[in-house]
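Colleague: This is the structure I want to talk about, given as structure tokens.
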Amino acid sequence: MICIIRIRGQIGIEKGAKETMHRLRIRKKYSCVVIKDPTLIEMGMIEKIKNFIAWGEISEADYKKLVDARGIKVEGKLKPFFRLHPPRGGAKTRLHYPRGILGDNGKDINKLLEKML
């Protein structure tokens, strides 16, 4: 499973990247989407917007915590995205991983997610 968290806001983003984030359902800053089995097309979309998001492989335990803490049901179904807090303790949102949090965080996305729940 891959967790995608939007880090950057809407100002200064080109139209193509904005459309890609809209299709991935991460429309606002600090919103999160979990994709269970990403396809090649979804991975290409992630690669296109890597300068605006943090993403990585989420563990089953952290996914369960995310659903328990932030899962909202609408009409009996779980919403396809989660809204998160800004990272507690701060984060370097302008630099790429490992100096900041943008881009592919690998397994460290679980630490970032803990700071945001």
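Chain labels A, B, ... are given in the sequence in which chains occur in the structure tokens; within each chain residues are numbered consecutively from 1, and ligands are likewise numbered from 1 in the order shown.
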Using the chain letters and numbers from this document, which residues of chain A does DSSP assign to strand (DSSP E), as a JSON list (two decimals) with N, CA and C atoms, in the first residue's frame?
Modeller:
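Generated file (selection34.json):
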```json
[["chain", "number", "residue", "atom", "x", "y", "z"],
["A", 2, "ILE", "N", 0.45, 2.23, -0.76],
["A", 2, "ILE", "CA", 1.18, 3.48, -0.85],
["A", 2, "ILE", "C", 0.33, 4.60, -0.27],
["A", 3, "CYS", "N", 0.93, 5.40, 0.59],
["A", 3, "CYS", "CA", 0.28, 6.56, 1.19],
["A", 3, "CYS", "C", 0.83, 7.82, 0.52],
["A", 4, "ILE", "N", -0.07, 8.68, 0.03],
["A", 4, "ILE", "CA", 0.32, 9.93, -0.62],
["A", 4, "ILE", "C", -0.24, 11.08, 0.20],
["A", 5, "ILE", "N", 0.63, 12.00, 0.62],
["A", 5, "ILE", "CA", 0.22, 13.16, 1.42],
["A", 5, "ILE", "C", 0.61, 14.42, 0.66],
["A", 6, "ARG", "N", -0.37, 15.30, 0.43],
["A", 6, "ARG", "CA", -0.08, 16.56, -0.24],
["A", 6, "ARG", "C", 0.54, 17.52, 0.78],
["A", 31, "SER", "N", -3.91, 16.73, 2.80],
["A", 31, "SER", "CA", -4.87, 15.65, 2.60],
["A", 31, "SER", "C", -4.08, 14.42, 2.18],
["A", 32, "CYS", "N", -4.66, 13.26, 2.42],
["A", 32, "CYS", "CA", -3.94, 12.00, 2.27],
["A", 32, "CYS", "C", -4.81, 10.99, 1.52],
["A", 33, "VAL", "N", -4.18, 10.17, 0.69],
["A", 33, "VAL", "CA", -4.85, 9.10, -0.03],
["A", 33, "VAL", "C", -3.99, 7.85, 0.12],
["A", 34, "VAL", "N", -4.65, 6.70, 0.29],
["A", 34, "VAL", "CA", -3.94, 5.42, 0.35],
["A", 34, "VAL", "C", -4.38, 4.59, -0.85],
["A", 35, "ILE", "N", -3.41, 4.14, -1.65],
["A", 35, "ILE", "CA", -3.67, 3.30, -2.81],
["A", 35, "ILE", "C", -3.17, 1.90, -2.49],
["A", 53, "ILE", "N", 4.32, 16.48, -3.10],
["A", 53, "ILE", "CA", 3.77, 15.47, -2.20],
["A", 53, "ILE", "C", 4.88, 14.72, -1.47],
["A", 54, "ALA", "N", 4.46, 14.04, -0.40],
["A", 54, "ALA", "CA", 5.31, 13.06, 0.27],
["A", 54, "ALA", "C", 4.60, 11.72, 0.11],
["A", 55, "TRP", "N", 5.34, 10.68, -0.24],
["A", 55, "TRP", "CA", 4.71, 9.38, -0.41],
["A", 55, "TRP", "C", 5.66, 8.27, -0.01],
["A", 56, "GLY", "N", 5.06, 7.12, 0.28],
["A", 56, "GLY", "CA", 5.86, 5.97, 0.68],
["A", 56, "GLY", "C", 4.98, 4.80, 1.02],
["A", 57, "GLU", "N", 5.60, 3.70, 1.41],
["A", 57, "GLU", "CA", 4.87, 2.47, 1.72],
["A", 57, "GLU", "C", 4.40, 2.49, 3.16],
["A", 73, "LYS", "N", -17.24, 8.32, 7.46],
["A", 73, "LYS", "CA", -18.20, 7.61, 6.62],
["A", 73, "LYS", "C", -19.23, 8.58, 6.08],
["A", 74, "VAL", "N", -19.50, 8.45, 4.80],
["A", 74, "VAL", "CA", -20.54, 9.23, 4.13],
["A", 74, "VAL", "C", -21.42, 8.25, 3.38],
["A", 77, "LYS", "N", -20.29, 4.57, 3.26],
["A", 77, "LYS", "CA", -19.00, 4.23, 2.67],
["A", 77, "LYS", "C", -17.91, 5.12, 3.26],
["A", 78, "LEU", "N", -16.68, 4.60, 3.26],
["A", 78, "LEU", "CA", -15.54, 5.38, 3.72],
["A", 78, "LEU", "C", -15.12, 6.39, 2.65],
["A", 82, "PHE", "N", -8.28, 11.32, 3.34],
["A", 82, "PHE", "CA", -8.22, 11.67, 4.75],
["A", 82, "PHE", "C", -7.66, 13.07, 4.88],
["A", 83, "ARG", "N", -8.19, 13.83, 5.82],
["A", 83, "ARG", "CA", -7.65, 15.16, 6.11],
["A", 83, "ARG", "C", -6.79, 15.06, 7.36],
["A", 103, "GLY", "N", 8.76, 14.07, -1.79],
["A", 103, "GLY", "CA", 9.21, 12.94, -2.59],
["A", 103, "GLY", "C", 9.00, 11.61, -1.89],
["A", 104, "ASP", "N", 9.76, 10.61, -2.35],
["A", 104, "ASP", "CA", 9.62, 9.24, -1.86],
["A", 104, "ASP", "C", 10.30, 9.11, -0.49]]
```
Colleague: Excluding range 10-17 of chain A and any residue of its chain fewer than 2 positions from it, enumerate the residues within 12 Å of it, using only C-alpha atoms, and give them as a PyMOL selection string.
Modeller: chain A and resi 6-8+19-24+26-30+44-53
Colleague: For Leu117 in chain A, which residue out of A:Ala91, A:Ala61, A:Met1, A:Val67 is the nearest one, using only C-alpha atoms?
Modeller: A:Val67
Colleague: So how far away is CA of Gly89 in chain A from CA of Lys115 in chain A, in Å?
Modeller: 7.6 Å
Colleague: Rounded to one decimal in Å, what is the spacing between CA of His85 in chain A and CA of Leu66 in chain A?
Modeller: 11.9 Å
Colleague: When DSSP works through the backbone of this structure, what residues of chain A end up as alpha helix (DSSP H), shown as JSON, numbers by chain?
Modeller: {"A": [15, 16, 17, 18, 19, 20, 21, 22, 23, 40, 41, 42, 43, 44, 45, 46, 47, 48, 60, 61, 62, 63, 64, 65, 66, 67, 68, 69, 70, 109, 110, 111, 112, 113, 114, 115, 116]}
